[in-house]
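The structure file target_5.csv is reproduced below (CSV, N, CA and C atoms).
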chain,number,residue,atom,x,y,z
A,1140,MET,N,140.4,88.5,91.2
A,1140,MET,CA,141.1,89.3,90.2
A,1140,MET,C,141.3,90.7,90.9
A,1141,SER,N,142.6,91.1,91.0
A,1141,SER,CA,142.9,92.4,91.6
A,1141,SER,C,142.8,93.5,90.5
A,1142,ARG,N,142.8,94.7,91.0
A,1142,ARG,CA,142.7,95.9,90.0
A,1142,ARG,C,143.9,95.8,89.1
A,1143,GLU,N,145.1,95.5,89.6
A,1143,GLU,CA,146.3,95.3,88.7
A,1143,GLU,C,146.1,94.2,87.6
A,1144,ASP,N,145.5,93.1,88.1
A,1144,ASP,CA,145.2,92.0,87.1
A,1144,ASP,C,144.2,92.5,86.1
A,1145,PHE,N,143.2,93.3,86.5
A,1145,PHE,CA,142.2,93.8,85.6
A,1145,PHE,C,142.9,94.7,84.6
A,1146,ASP,N,143.7,95.6,85.0
A,1146,ASP,CA,144.4,96.6,84.1
A,1146,ASP,C,145.3,95.8,83.1
A,1147,ASN,N,145.9,94.8,83.6
A,1147,ASN,CA,146.9,94.0,82.7
A,1147,ASN,C,146.2,92.8,82.1
A,1148,SER,N,144.9,92.7,82.2
A,1148,SER,CA,144.2,91.6,81.7
A,1148,SER,C,144.4,91.3,80.2
A,1149,LEU,N,144.5,90.1,79.9
A,1149,LEU,CA,144.4,89.7,78.5
A,1149,LEU,C,143.0,89.3,78.1
A,1150,ILE,N,142.1,89.6,79.0
A,1150,ILE,CA,140.7,89.3,78.7
A,1150,ILE,C,140.2,90.4,77.7
A,1151,LEU,N,139.6,90.0,76.7
A,1151,LEU,CA,139.1,90.9,75.7
A,1151,LEU,C,137.6,91.2,75.8
A,1152,VAL,N,137.2,92.3,75.2
A,1152,VAL,CA,135.8,92.6,75.2
A,1152,VAL,C,134.9,91.4,74.7
A,1153,LYS,N,135.4,90.8,73.6
A,1153,LYS,CA,134.6,89.7,73.0
A,1153,LYS,C,134.4,88.5,74.0
A,1154,ASP,N,135.3,88.4,75.0
A,1154,ASP,CA,135.2,87.3,76.0
A,1154,ASP,C,134.1,87.5,77.0
A,1155,ILE,N,133.6,88.7,77.2
A,1155,ILE,CA,132.6,88.9,78.2
A,1155,ILE,C,131.4,89.7,77.7
A,1156,MET,N,131.4,90.1,76.5
A,1156,MET,CA,130.2,90.9,75.9
A,1156,MET,C,129.0,90.0,75.8
A,1157,SER,N,127.9,90.7,75.7
A,1157,SER,CA,126.6,90.0,75.3
A,1157,SER,C,126.4,90.0,73.8
A,1158,LYS,N,126.1,88.9,73.2
A,1158,LYS,CA,125.9,88.9,71.8
A,1158,LYS,C,124.5,89.1,71.4
A,1159,ALA,N,123.6,89.2,72.4
A,1159,ALA,CA,122.2,89.4,72.1
A,1159,ALA,C,122.0,90.9,71.8
A,1160,ILE,N,121.5,91.2,70.6
A,1160,ILE,CA,121.3,92.6,70.2
A,1160,ILE,C,119.8,92.8,69.9
A,1161,ILE,N,119.2,93.7,70.6
A,1161,ILE,CA,117.8,94.0,70.3
A,1161,ILE,C,117.8,95.5,69.8
A,1162,SER,N,117.1,95.7,68.7
A,1162,SER,CA,117.1,97.0,68.1
A,1162,SER,C,115.7,97.3,67.6
A,1163,VAL,N,115.4,98.6,67.6
A,1163,VAL,CA,114.1,99.1,67.1
A,1163,VAL,C,114.4,100.3,66.1
A,1164,ASN,N,113.3,100.7,65.4
A,1164,ASN,CA,113.5,101.8,64.5
A,1164,ASN,C,113.2,103.1,65.3
A,1165,VAL,N,113.5,104.2,64.7
A,1165,VAL,CA,113.5,105.5,65.4
A,1165,VAL,C,112.0,106.0,65.7
A,1166,GLU,N,111.0,105.4,65.1
A,1166,GLU,CA,109.6,105.7,65.3
A,1166,GLU,C,109.1,105.0,66.5
A,1167,THR,N,109.7,104.0,67.0
A,1167,THR,CA,109.2,103.2,68.2
A,1167,THR,C,109.0,104.1,69.4
A,1168,THR,N,107.9,104.0,70.1
A,1168,THR,CA,107.6,104.9,71.2
A,1168,THR,C,108.4,104.4,72.5
A,1169,VAL,N,108.6,105.4,73.4
A,1169,VAL,CA,109.2,105.0,74.6
A,1169,VAL,C,108.4,104.1,75.4
A,1170,PHE,N,107.1,104.1,75.3
A,1170,PHE,CA,106.2,103.1,76.0
A,1170,PHE,C,106.5,101.7,75.4
A,1171,GLN,N,106.6,101.5,74.1
A,1171,GLN,CA,106.9,100.2,73.5
A,1171,GLN,C,108.3,99.7,74.0
A,1172,ILE,N,109.2,100.6,74.1
A,1172,ILE,CA,110.6,100.3,74.5
A,1172,ILE,C,110.6,99.8,76.0
A,1173,ALA,N,109.8,100.6,76.8
A,1173,ALA,CA,109.7,100.2,78.3
A,1173,ALA,C,109.1,98.8,78.4
A,1174,LYS,N,108.1,98.5,77.6
A,1174,LYS,CA,107.5,97.1,77.7
A,1174,LYS,C,108.6,96.1,77.2
A,1175,MET,N,109.3,96.4,76.2
A,1175,MET,CA,110.3,95.4,75.7
A,1175,MET,C,111.4,95.2,76.8
A,1176,MET,N,111.8,96.3,77.4
A,1176,MET,CA,112.8,96.1,78.5
A,1176,MET,C,112.3,95.3,79.6
A,1177,GLU,N,111.1,95.6,80.0
A,1177,GLU,CA,110.4,94.8,81.1
A,1177,GLU,C,110.3,93.3,80.8
A,1178,GLN,N,109.8,93.1,79.6
A,1178,GLN,CA,109.5,91.7,79.2
A,1178,GLN,C,110.8,90.9,79.0
A,1179,GLY,N,111.8,91.6,78.5
A,1179,GLY,CA,113.1,90.9,78.2
A,1179,GLY,C,114.1,91.0,79.3
A,1180,GLY,N,113.8,91.7,80.4
A,1180,GLY,CA,114.7,91.9,81.5
A,1180,GLY,C,116.1,92.5,81.0
A,1181,ILE,N,116.0,93.5,80.1
A,1181,ILE,CA,117.1,94.1,79.6
A,1181,ILE,C,117.2,95.6,79.9
A,1182,GLY,N,118.4,96.2,79.8
A,1182,GLY,CA,118.5,97.6,80.2
A,1182,GLY,C,118.9,98.5,79.1
A,1183,ALA,N,119.0,98.0,77.8
A,1183,ALA,CA,119.4,98.8,76.7
A,1183,ALA,C,118.9,98.2,75.4
A,1184,ILE,N,118.5,99.1,74.5
A,1184,ILE,CA,118.0,98.7,73.2
A,1184,ILE,C,118.7,99.7,72.2
A,1185,LEU,N,119.2,99.1,71.1
A,1185,LEU,CA,119.9,99.9,70.1
A,1185,LEU,C,118.8,100.4,69.1
A,1186,VAL,N,119.1,101.6,68.5
A,1186,VAL,CA,118.1,102.2,67.6
A,1186,VAL,C,118.7,102.3,66.2
A,1187,LYS,N,117.8,101.9,65.3
A,1187,LYS,CA,118.2,102.0,63.8
A,1187,LYS,C,117.6,103.2,63.2
A,1188,LYS,N,118.4,103.8,62.4
A,1188,LYS,CA,117.9,104.9,61.5
A,1188,LYS,C,118.4,104.7,60.1
A,1189,ASP,N,117.5,104.7,59.2
A,1189,ASP,CA,117.9,104.4,57.8
A,1189,ASP,C,118.7,103.1,57.6
A,1190,GLY,N,118.3,102.1,58.4
A,1190,GLY,CA,118.9,100.7,58.3
A,1190,GLY,C,120.2,100.6,59.0
A,1191,HIS,N,120.7,101.6,59.7
A,1191,HIS,CA,122.0,101.5,60.4
A,1191,HIS,C,121.7,101.8,61.9
A,1192,LEU,N,122.5,101.0,62.7
A,1192,LEU,CA,122.4,101.3,64.2
A,1192,LEU,C,123.1,102.6,64.5
A,1193,SER,N,122.3,103.6,65.0
A,1193,SER,CA,122.8,104.9,65.2
A,1193,SER,C,122.7,105.5,66.6
A,1194,GLY,N,122.0,104.7,67.5
A,1194,GLY,CA,121.8,105.2,68.8
A,1194,GLY,C,121.5,104.1,69.8
A,1195,ILE,N,121.3,104.5,71.0
A,1195,ILE,CA,120.9,103.6,72.1
A,1195,ILE,C,120.0,104.3,73.1
A,1196,ILE,N,119.1,103.5,73.7
A,1196,ILE,CA,118.3,104.0,74.8
A,1196,ILE,C,118.4,103.0,75.9
A,1197,THR,N,118.6,103.5,77.1
A,1197,THR,CA,118.9,102.7,78.3
A,1197,THR,C,117.8,102.9,79.3
A,1198,ASP,N,117.8,102.0,80.3
A,1198,ASP,CA,116.8,102.1,81.4
A,1198,ASP,C,117.1,103.5,82.1
A,1199,ARG,N,118.3,103.9,82.2
A,1199,ARG,CA,118.6,105.2,82.9
A,1199,ARG,C,118.0,106.4,82.1
A,1200,ASP,N,117.9,106.3,80.8
A,1200,ASP,CA,117.3,107.4,80.0
A,1200,ASP,C,115.9,107.6,80.5
A,1201,PHE,N,115.2,106.6,81.0
A,1201,PHE,CA,113.8,106.8,81.4
A,1201,PHE,C,113.7,107.8,82.6
A,1202,ALA,N,114.7,107.8,83.4
A,1202,ALA,CA,114.7,108.7,84.6
A,1202,ALA,C,115.3,110.1,84.1
A,1203,THR,N,116.4,110.1,83.4
A,1203,THR,CA,117.2,111.3,83.2
A,1203,THR,C,116.6,112.1,82.0
A,1204,LYS,N,115.9,111.5,81.1
A,1204,LYS,CA,115.4,112.2,79.9
A,1204,LYS,C,113.9,112.2,79.8
A,1205,ILE,N,113.3,111.1,80.1
A,1205,ILE,CA,111.8,111.0,79.9
A,1205,ILE,C,111.1,111.5,81.2
A,1206,ALA,N,111.3,110.8,82.3
A,1206,ALA,CA,110.5,111.2,83.5
A,1206,ALA,C,110.8,112.6,84.0
A,1207,SER,N,112.1,113.0,84.0
A,1207,SER,CA,112.5,114.3,84.5
A,1207,SER,C,112.0,115.5,83.6
A,1208,ASN,N,111.7,115.2,82.3
A,1208,ASN,CA,111.1,116.2,81.4
A,1208,ASN,C,109.6,116.0,81.1
A,1209,SER,N,109.0,115.0,81.9
A,1209,SER,CA,107.6,114.8,81.8
A,1209,SER,C,107.2,114.5,80.3
A,1210,LEU,N,108.0,113.7,79.6
A,1210,LEU,CA,107.7,113.4,78.2
A,1210,LEU,C,106.6,112.4,78.1
A,1211,SER,N,105.8,112.5,77.1
A,1211,SER,CA,104.7,111.5,76.8
A,1211,SER,C,105.2,110.2,76.5
A,1212,PHE,N,104.5,109.1,76.8
A,1212,PHE,CA,104.9,107.8,76.5
A,1212,PHE,C,104.8,107.5,75.0
A,1213,ASP,N,104.2,108.4,74.3
A,1213,ASP,CA,104.1,108.3,72.8
A,1213,ASP,C,105.3,108.9,72.1
A,1214,THR,N,106.2,109.5,72.9
A,1214,THR,CA,107.4,110.1,72.3
A,1214,THR,C,108.2,109.1,71.5
A,1215,PRO,N,108.6,109.4,70.3
A,1215,PRO,CA,109.5,108.5,69.5
A,1215,PRO,C,110.9,108.4,70.1
A,1216,VAL,N,111.4,107.2,70.1
A,1216,VAL,CA,112.8,107.0,70.7
A,1216,VAL,C,113.8,107.9,70.1
A,1217,GLU,N,113.6,108.4,68.9
A,1217,GLU,CA,114.6,109.2,68.2
A,1217,GLU,C,114.8,110.5,69.0
A,1218,LYS,N,113.8,111.0,69.7
A,1218,LYS,CA,113.9,112.2,70.5
A,1218,LYS,C,114.7,112.1,71.8
A,1219,VAL,N,114.9,110.8,72.3
A,1219,VAL,CA,115.6,110.7,73.6
A,1219,VAL,C,116.8,109.7,73.5
A,1220,MET,N,117.0,109.1,72.4
A,1220,MET,CA,118.1,108.2,72.3
A,1220,MET,C,119.5,108.9,72.4
A,1221,SER,N,120.5,108.2,72.8
A,1221,SER,CA,121.8,108.8,72.9
A,1221,SER,C,122.5,108.5,71.5
A,1222,SER,N,123.0,109.5,70.9
A,1222,SER,CA,123.6,109.3,69.6
A,1222,SER,C,124.7,110.4,69.4
A,1223,PRO,N,125.8,110.1,68.7
A,1223,PRO,CA,126.1,108.8,68.0
A,1223,PRO,C,126.4,107.7,69.0
A,1224,LEU,N,126.3,106.5,68.5
A,1224,LEU,CA,126.5,105.3,69.2
A,1224,LEU,C,128.0,105.2,69.6
A,1225,ILE,N,128.3,105.0,70.8
A,1225,ILE,CA,129.8,104.9,71.2
A,1225,ILE,C,130.1,103.4,71.2
A,1226,THR,N,131.2,103.1,70.6
A,1226,THR,CA,131.6,101.7,70.3
A,1226,THR,C,133.0,101.4,70.8
A,1227,ILE,N,133.3,100.1,70.8
A,1227,ILE,CA,134.6,99.6,71.1
A,1227,ILE,C,134.8,98.3,70.2
A,1228,ASN,N,136.0,98.1,69.8
A,1228,ASN,CA,136.3,96.9,69.0
A,1228,ASN,C,136.3,95.7,69.9
A,1229,TYR,N,135.8,94.6,69.3
A,1229,TYR,CA,135.7,93.3,70.1
A,1229,TYR,C,137.0,92.8,70.5
A,1230,ASN,N,138.1,93.2,69.9
A,1230,ASN,CA,139.4,92.7,70.2
A,1230,ASN,C,140.2,93.6,71.2
A,1231,GLU,N,139.5,94.6,71.7
A,1231,GLU,CA,140.2,95.5,72.7
A,1231,GLU,C,140.0,94.9,74.1
A,1232,SER,N,140.9,95.3,75.0
A,1232,SER,CA,140.9,94.8,76.3
A,1232,SER,C,139.7,95.3,77.1
A,1233,ILE,N,139.4,94.5,78.2
A,1233,ILE,CA,138.3,95.0,79.0
A,1233,ILE,C,138.7,96.3,79.8
A,1234,SER,N,140.0,96.4,80.0
A,1234,SER,CA,140.5,97.7,80.6
A,1234,SER,C,140.2,98.9,79.7
A,1235,ALA,N,140.4,98.7,78.4
A,1235,ALA,CA,140.1,99.8,77.5
A,1235,ALA,C,138.6,100.1,77.5
A,1236,ALA,N,137.8,99.1,77.6
A,1236,ALA,CA,136.3,99.3,77.7
A,1236,ALA,C,136.0,100.1,78.9
A,1237,ALA,N,136.6,99.8,80.1
A,1237,ALA,CA,136.3,100.5,81.3
A,1237,ALA,C,136.8,101.9,81.2
A,1238,GLU,N,137.9,102.2,80.6
A,1238,GLU,CA,138.4,103.5,80.4
A,1238,GLU,C,137.5,104.3,79.5
A,1239,ARG,N,137.0,103.7,78.4
A,1239,ARG,CA,136.1,104.4,77.5
A,1239,ARG,C,134.8,104.8,78.2
A,1240,MET,N,134.2,103.8,79.0
A,1240,MET,CA,133.0,104.1,79.7
A,1240,MET,C,133.2,105.2,80.7
A,1241,THR,N,134.3,105.2,81.4
A,1241,THR,CA,134.6,106.3,82.4
A,1241,THR,C,134.7,107.6,81.7
A,1242,SER,N,135.5,107.7,80.6
A,1242,SER,CA,135.8,109.0,80.0
A,1242,SER,C,134.5,109.5,79.3
A,1243,LYS,N,133.6,108.7,78.8
A,1243,LYS,CA,132.4,109.1,78.2
A,1243,LYS,C,131.2,109.2,79.2
A,1244,LYS,N,131.4,108.8,80.4
A,1244,LYS,CA,130.4,108.8,81.5
A,1244,LYS,C,129.2,108.0,81.0
A,1245,ILE,N,129.4,106.8,80.5
A,1245,ILE,CA,128.3,105.9,80.1
A,1245,ILE,C,128.5,104.5,80.7
A,1246,ARG,N,127.5,103.7,80.6
A,1246,ARG,CA,127.6,102.4,81.3
A,1246,ARG,C,127.5,101.2,80.3
A,1247,LYS,N,127.3,101.5,79.0
A,1247,LYS,CA,127.1,100.5,78.0
A,1247,LYS,C,127.8,101.0,76.7
A,1248,LEU,N,128.5,100.0,76.1
A,1248,LEU,CA,129.2,100.2,74.8
A,1248,LEU,C,128.7,99.2,73.8
A,1249,ALA,N,128.5,99.7,72.6
A,1249,ALA,CA,128.3,98.8,71.5
A,1249,ALA,C,129.6,98.2,71.0
A,1250,VAL,N,129.6,96.9,70.7
A,1250,VAL,CA,130.9,96.2,70.3
A,1250,VAL,C,130.9,96.0,68.8
A,1251,THR,N,132.0,96.4,68.2
A,1251,THR,CA,132.1,96.2,66.7
A,1251,THR,C,133.1,95.2,66.3
A,1252,ASP,N,132.9,94.7,65.1
A,1252,ASP,CA,133.8,93.8,64.4
A,1252,ASP,C,133.8,94.2,63.0
A,1253,ASN,N,134.9,94.8,62.5
A,1253,ASN,CA,134.9,95.3,61.1
A,1253,ASN,C,133.8,96.3,60.8
A,1254,GLY,N,133.5,97.2,61.8
A,1254,GLY,CA,132.5,98.2,61.6
A,1254,GLY,C,131.1,97.7,61.9
A,1255,ASN,N,130.8,96.4,62.1
A,1255,ASN,CA,129.5,95.9,62.3
A,1255,ASN,C,129.3,95.7,63.8
A,1256,ILE,N,128.1,96.1,64.3
A,1256,ILE,CA,127.8,95.9,65.7
A,1256,ILE,C,127.5,94.4,66.0
A,1257,VAL,N,128.3,93.8,66.9
A,1257,VAL,CA,128.2,92.4,67.2
A,1257,VAL,C,127.8,92.1,68.6
A,1258,GLY,N,127.6,93.1,69.4
A,1258,GLY,CA,127.2,92.9,70.8
A,1258,GLY,C,127.2,94.1,71.6
A,1259,LEU,N,127.1,93.9,72.9
A,1259,LEU,CA,127.1,95.0,73.9
A,1259,LEU,C,128.0,94.6,75.1
A,1260,ILE,N,128.7,95.5,75.7
A,1260,ILE,CA,129.4,95.3,76.9
A,1260,ILE,C,128.9,96.4,77.9
A,1261,THR,N,128.7,96.0,79.1
A,1261,THR,CA,128.2,96.9,80.1
A,1261,THR,C,129.1,97.0,81.3
A,1262,SER,N,128.9,98.0,82.1
A,1262,SER,CA,129.7,98.2,83.3
A,1262,SER,C,129.4,97.0,84.2
A,1263,THR,N,128.3,96.4,84.2
A,1263,THR,CA,128.0,95.2,85.0
A,1263,THR,C,128.9,94.1,84.6
A,1264,ASP,N,129.0,93.9,83.3
A,1264,ASP,CA,129.9,92.8,82.8
A,1264,ASP,C,131.3,93.0,83.3
A,1265,LEU,N,131.8,94.3,83.4
A,1265,LEU,CA,133.2,94.5,83.9
A,1265,LEU,C,133.2,94.3,85.4
A,1266,VAL,N,132.3,94.7,86.1
A,1266,VAL,CA,132.3,94.4,87.6
A,1266,VAL,C,132.2,92.9,87.9
A,1267,ASN,N,131.4,92.2,87.1
A,1267,ASN,CA,131.3,90.8,87.3
A,1267,ASN,C,132.7,90.1,87.0
A,1268,GLN,N,133.4,90.6,86.0
A,1268,GLN,CA,134.7,90.0,85.7
A,1268,GLN,C,135.7,90.4,86.8
A,1269,LEU,N,135.6,91.6,87.3
A,1269,LEU,CA,136.5,92.0,88.4
A,1269,LEU,C,136.3,91.2,89.7
A,1270,ALA,N,135.1,90.8,89.9
A,1270,ALA,CA,134.7,90.1,91.1
A,1270,ALA,C,135.1,88.6,91.1
A,1271,LYS,N,135.5,88.2,89.9
A,1271,LYS,CA,135.9,86.7,89.8
A,1271,LYS,C,137.3,86.5,90.5

For this file, write the structure as structure tokens.
Amino acid sequence: MSREDFDNSLILVKDIMSKAIISVNVETTVFQIAKMMEQGGIGAILVKKDGHLSGIITDRDFATKIASNSLSFDTPVEKVMSSPLITINYNESISAAAERMTSKKIRKLAVTDNGNIVGLITSTDLVNQLAK
């Protein structure tokens, strides 16, 4: 797939997104999240506040927010999560997802369907599609 094919692609976010969503509440500690990421082999966990998904914590946050600020492993995720959650509709193109990630300087987007979070799409998903 060339860059031009990627830009003009009819491939939609829903075609390559991950439907597995793991979420925690805002009181979960960063230590608990690190263990979940390690055991699940995952790089992002969504965060719920008042019953709604409102943020995300990623493996990169451990370097940029936790380690660099010498935060305790008892720190609640609410203190370090990225919020508000940046989303994209599942019917949008993968090119639109790439543009949103680039403009927001992020690597993961929550995917929505009628306002409900139904999955995640990552920069790795886009690269893997481009490499096909």

Legend entry - Among listed residues A:Ser1262, A:Ser1207, A:Ser1242, A:Ser1162, nearest Val1186 of chain A (using only N, CA and C atoms):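 Residue with the minimum atom-to-atom distance to Val1186 of chain A: A:Ser1162.
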
Inset, instruction - DSSP on the backbone, then: every residue of chain A marked alpha helix (DSSP H), written as a ChimeraX atom specification. - result: /A:1142-1146,1152-1155,1169-1179,1198-1200,1233-1243,1262-1269

I'd like the neighbourhood of segment 1153-1160 of chain A as an mmCIF file with N, CA and C atoms, in the coordinates of the input, where a residue qualifies if any of its atoms comes within 6.5 Å (using all atoms listed in the file), though same-chain residues fewer than 5 positions away should be ignored.
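The resulting file, around_31.cif, is shown below:
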data_model
loop_
_atom_site.group_PDB
_atom_site.id
_atom_site.type_symbol
_atom_site.label_atom_id
_atom_site.label_comp_id
_atom_site.auth_asym_id
_atom_site.auth_seq_id
_atom_site.Cartn_x
_atom_site.Cartn_y
_atom_site.Cartn_z
ATOM 1 N N LEU A 1185 119.200 99.100 71.100
ATOM 2 C CA LEU A 1185 119.900 99.900 70.100
ATOM 3 C C LEU A 1185 118.800 100.400 69.100
ATOM 4 N N ASN A 1228 136.000 98.100 69.800
ATOM 5 C CA ASN A 1228 136.300 96.900 69.000
ATOM 6 C C ASN A 1228 136.300 95.700 69.900
ATOM 7 N N TYR A 1229 135.800 94.600 69.300
ATOM 8 C CA TYR A 1229 135.700 93.300 70.100
ATOM 9 C C TYR A 1229 137.000 92.800 70.500
ATOM 10 N N ASN A 1230 138.100 93.200 69.900
ATOM 11 C CA ASN A 1230 139.400 92.700 70.200
ATOM 12 C C ASN A 1230 140.200 93.600 71.200
ATOM 13 N N GLU A 1231 139.500 94.600 71.700
ATOM 14 C CA GLU A 1231 140.200 95.500 72.700
ATOM 15 C C GLU A 1231 140.000 94.900 74.100
ATOM 16 N N VAL A 1257 128.300 93.800 66.900
ATOM 17 C CA VAL A 1257 128.200 92.400 67.200
ATOM 18 C C VAL A 1257 127.800 92.100 68.600
ATOM 19 N N GLY A 1258 127.600 93.100 69.400
ATOM 20 C CA GLY A 1258 127.200 92.900 70.800
ATOM 21 C C GLY A 1258 127.200 94.100 71.600
ATOM 22 N N LEU A 1259 127.100 93.900 72.900
ATOM 23 C CA LEU A 1259 127.100 95.000 73.900
ATOM 24 C C LEU A 1259 128.000 94.600 75.100
ATOM 25 N N ILE A 1260 128.700 95.500 75.700
ATOM 26 C CA ILE A 1260 129.400 95.300 76.900
ATOM 27 C C ILE A 1260 128.900 96.400 77.900
ATOM 28 N N THR A 1261 128.700 96.000 79.100
ATOM 29 C CA THR A 1261 128.200 96.900 80.100
ATOM 30 C C THR A 1261 129.100 97.000 81.300
ATOM 31 N N ASP A 1264 129.000 93.900 83.300
ATOM 32 C CA ASP A 1264 129.900 92.800 82.800
ATOM 33 C C ASP A 1264 131.300 93.000 83.300
#

Inset, instruction - Name the residues in contact with Ile1184 of chain A at a cut-off of 6.5 Å, using all atoms listed in the file, excluding same-chain residues fewer than 3 positions from it; report them as a list in words. - result: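 Counting only the stated atoms, we get Ile1161, Ser1162, Val1163, Gly1194, Ile1195, Ile1196 and Thr1197 of chain A.
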
Take the residues from that selection and write them out as an mmCIF file, in the coordinates of the input, keeping N, CA and C atoms.
data_model
loop_
_atom_site.group_PDB
_atom_site.id
_atom_site.type_symbol
_atom_site.label_atom_id
_atom_site.label_comp_id
_atom_site.auth_asym_id
_atom_site.auth_seq_id
_atom_site.Cartn_x
_atom_site.Cartn_y
_atom_site.Cartn_z
ATOM 1 N N ILE A 1161 119.200 93.700 70.600
ATOM 2 C CA ILE A 1161 117.800 94.000 70.300
ATOM 3 C C ILE A 1161 117.800 95.500 69.800
ATOM 4 N N SER A 1162 117.100 95.700 68.700
ATOM 5 C CA SER A 1162 117.100 97.000 68.100
ATOM 6 C C SER A 1162 115.700 97.300 67.600
ATOM 7 N N VAL A 1163 115.400 98.600 67.600
ATOM 8 C CA VAL A 1163 114.100 99.100 67.100
ATOM 9 C C VAL A 1163 114.400 100.300 66.100
ATOM 10 N N GLY A 1194 122.000 104.700 67.500
ATOM 11 C CA GLY A 1194 121.800 105.200 68.800
ATOM 12 C C GLY A 1194 121.500 104.100 69.800
ATOM 13 N N ILE A 1195 121.300 104.500 71.000
ATOM 14 C CA ILE A 1195 120.900 103.600 72.100
ATOM 15 C C ILE A 1195 120.000 104.300 73.100
ATOM 16 N N ILE A 1196 119.100 103.500 73.700
ATOM 17 C CA ILE A 1196 118.300 104.000 74.800
ATOM 18 C C ILE A 1196 118.400 103.000 75.900
ATOM 19 N N THR A 1197 118.600 103.500 77.100
ATOM 20 C CA THR A 1197 118.900 102.700 78.300
ATOM 21 C C THR A 1197 117.800 102.900 79.300
#

Legend entry - Nearest residue to Met1240 of chain A from the set A:Ile1225, A:Val1216, A:Ile1150, A:Ile1172 (distances using only C-alpha atoms):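 Looking at the shortest contact to Met1240 of chain A, the residue is A:Ile1225.
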
Inset, instruction - Once DSSP has gone over the backbone, tell me which residues of segment 1146-1255 of chain A are in strand (DSSP E), as an MDAnalysis selection string. - result: chainID A and resid 1162:1164 1183:1188 1191:1197 1226:1228 1247:1252 1255

Resulting file, chosen residues, N, CA and C atoms, as a compact mmCIF listing (two decimals), keeping the file's coordinate frame:
# COMPACT_ATOMS: atom_id res chain seq x y z
N SER A 1162 117.10 95.70 68.70
CA SER A 1162 117.10 97.00 68.10
C SER A 1162 115.70 97.30 67.60
N VAL A 1163 115.40 98.60 67.60
CA VAL A 1163 114.10 99.10 67.10
C VAL A 1163 114.40 100.30 66.10
N ASN A 1164 113.30 100.70 65.40
CA ASN A 1164 113.50 101.80 64.50
C ASN A 1164 113.20 103.10 65.30
N ALA A 1183 119.00 98.00 77.80
CA ALA A 1183 119.40 98.80 76.70
C ALA A 1183 118.90 98.20 75.40
N ILE A 1184 118.50 99.10 74.50
CA ILE A 1184 118.00 98.70 73.20
C ILE A 1184 118.70 99.70 72.20
N LEU A 1185 119.20 99.10 71.10
CA LEU A 1185 119.90 99.90 70.10
C LEU A 1185 118.80 100.40 69.10
N VAL A 1186 119.10 101.60 68.50
CA VAL A 1186 118.10 102.20 67.60
C VAL A 1186 118.70 102.30 66.20
N LYS A 1187 117.80 101.90 65.30
CA LYS A 1187 118.20 102.00 63.80
C LYS A 1187 117.60 103.20 63.20
N LYS A 1188 118.40 103.80 62.40
CA LYS A 1188 117.90 104.90 61.50
C LYS A 1188 118.40 104.70 60.10
N HIS A 1191 120.70 101.60 59.70
CA HIS A 1191 122.00 101.50 60.40
C HIS A 1191 121.70 101.80 61.90
N LEU A 1192 122.50 101.00 62.70
CA LEU A 1192 122.40 101.30 64.20
C LEU A 1192 123.10 102.60 64.50
N SER A 1193 122.30 103.60 65.00
CA SER A 1193 122.80 104.90 65.20
C SER A 1193 122.70 105.50 66.60
N GLY A 1194 122.00 104.70 67.50
CA GLY A 1194 121.80 105.20 68.80
C GLY A 1194 121.50 104.10 69.80
N ILE A 1195 121.30 104.50 71.00
CA ILE A 1195 120.90 103.60 72.10
C ILE A 1195 120.00 104.30 73.10
N ILE A 1196 119.10 103.50 73.70
CA ILE A 1196 118.30 104.00 74.80
C ILE A 1196 118.40 103.00 75.90
N THR A 1197 118.60 103.50 77.10
CA THR A 1197 118.90 102.70 78.30
C THR A 1197 117.80 102.90 79.30
N THR A 1226 131.20 103.10 70.60
CA THR A 1226 131.60 101.70 70.30
C THR A 1226 133.00 101.40 70.80
N ILE A 1227 133.30 100.10 70.80
CA ILE A 1227 134.60 99.60 71.10
C ILE A 1227 134.80 98.30 70.20
N ASN A 1228 136.00 98.10 69.80
CA ASN A 1228 136.30 96.90 69.00
C ASN A 1228 136.30 95.70 69.90
N LYS A 1247 127.30 101.50 79.00
CA LYS A 1247 127.10 100.50 78.00
C LYS A 1247 127.80 101.00 76.70
N LEU A 1248 128.50 100.00 76.10
CA LEU A 1248 129.20 100.20 74.80
C LEU A 1248 128.70 99.20 73.80
N ALA A 1249 128.50 99.70 72.60
CA ALA A 1249 128.30 98.80 71.50
C ALA A 1249 129.60 98.20 71.00
N VAL A 1250 129.60 96.90 70.70
CA VAL A 1250 130.90 96.20 70.30
C VAL A 1250 130.90 96.00 68.80
N THR A 1251 132.00 96.40 68.20
CA THR A 1251 132.10 96.20 66.70
C THR A 1251 133.10 95.20 66.30
N ASP A 1252 132.90 94.70 65.10
CA ASP A 1252 133.80 93.80 64.40
C ASP A 1252 133.80 94.20 63.00
N ASN A 1255 130.80 96.40 62.10
CA ASN A 1255 129.50 95.90 62.30
C ASN A 1255 129.30 95.70 63.80

Legend entry - Between atom CA of Gly1254 of chain A and atom CA of Lys1187 of chain A - distance in Å to one decimal: 15.0 Å

Output file: segment 1259-1263 of chain A, N, CA and C atoms, as a PDB file, in the first residue's frame:
ATOM      1  N   LEU A1259     -10.284   0.819  20.275  1.00  0.00           N
ATOM      2  CA  LEU A1259      -9.109   1.696  20.222  1.00  0.00           C
ATOM      3  C   LEU A1259      -8.417   1.487  18.890  1.00  0.00           C
ATOM      4  N   ILE A1260      -7.849   2.546  18.360  1.00  0.00           N
ATOM      5  CA  ILE A1260      -6.986   2.439  17.188  1.00  0.00           C
ATOM      6  C   ILE A1260      -5.671   3.109  17.557  1.00  0.00           C
ATOM      7  N   THR A1261      -4.574   2.481  17.167  1.00  0.00           N
ATOM      8  CA  THR A1261      -3.253   2.977  17.535  1.00  0.00           C
ATOM      9  C   THR A1261      -2.428   3.306  16.300  1.00  0.00           C
ATOM     10  N   SER A1262      -1.360   4.036  16.529  1.00  0.00           N
ATOM     11  CA  SER A1262      -0.450   4.329  15.428  1.00  0.00           C
ATOM     12  C   SER A1262       0.149   3.038  14.880  1.00  0.00           C
ATOM     13  N   THR A1263       0.342   2.050  15.711  1.00  0.00           N
ATOM     14  CA  THR A1263       0.847   0.748  15.253  1.00  0.00           C
ATOM     15  C   THR A1263      -0.150   0.091  14.298  1.00  0.00           C
TER      16      THR A1263
END
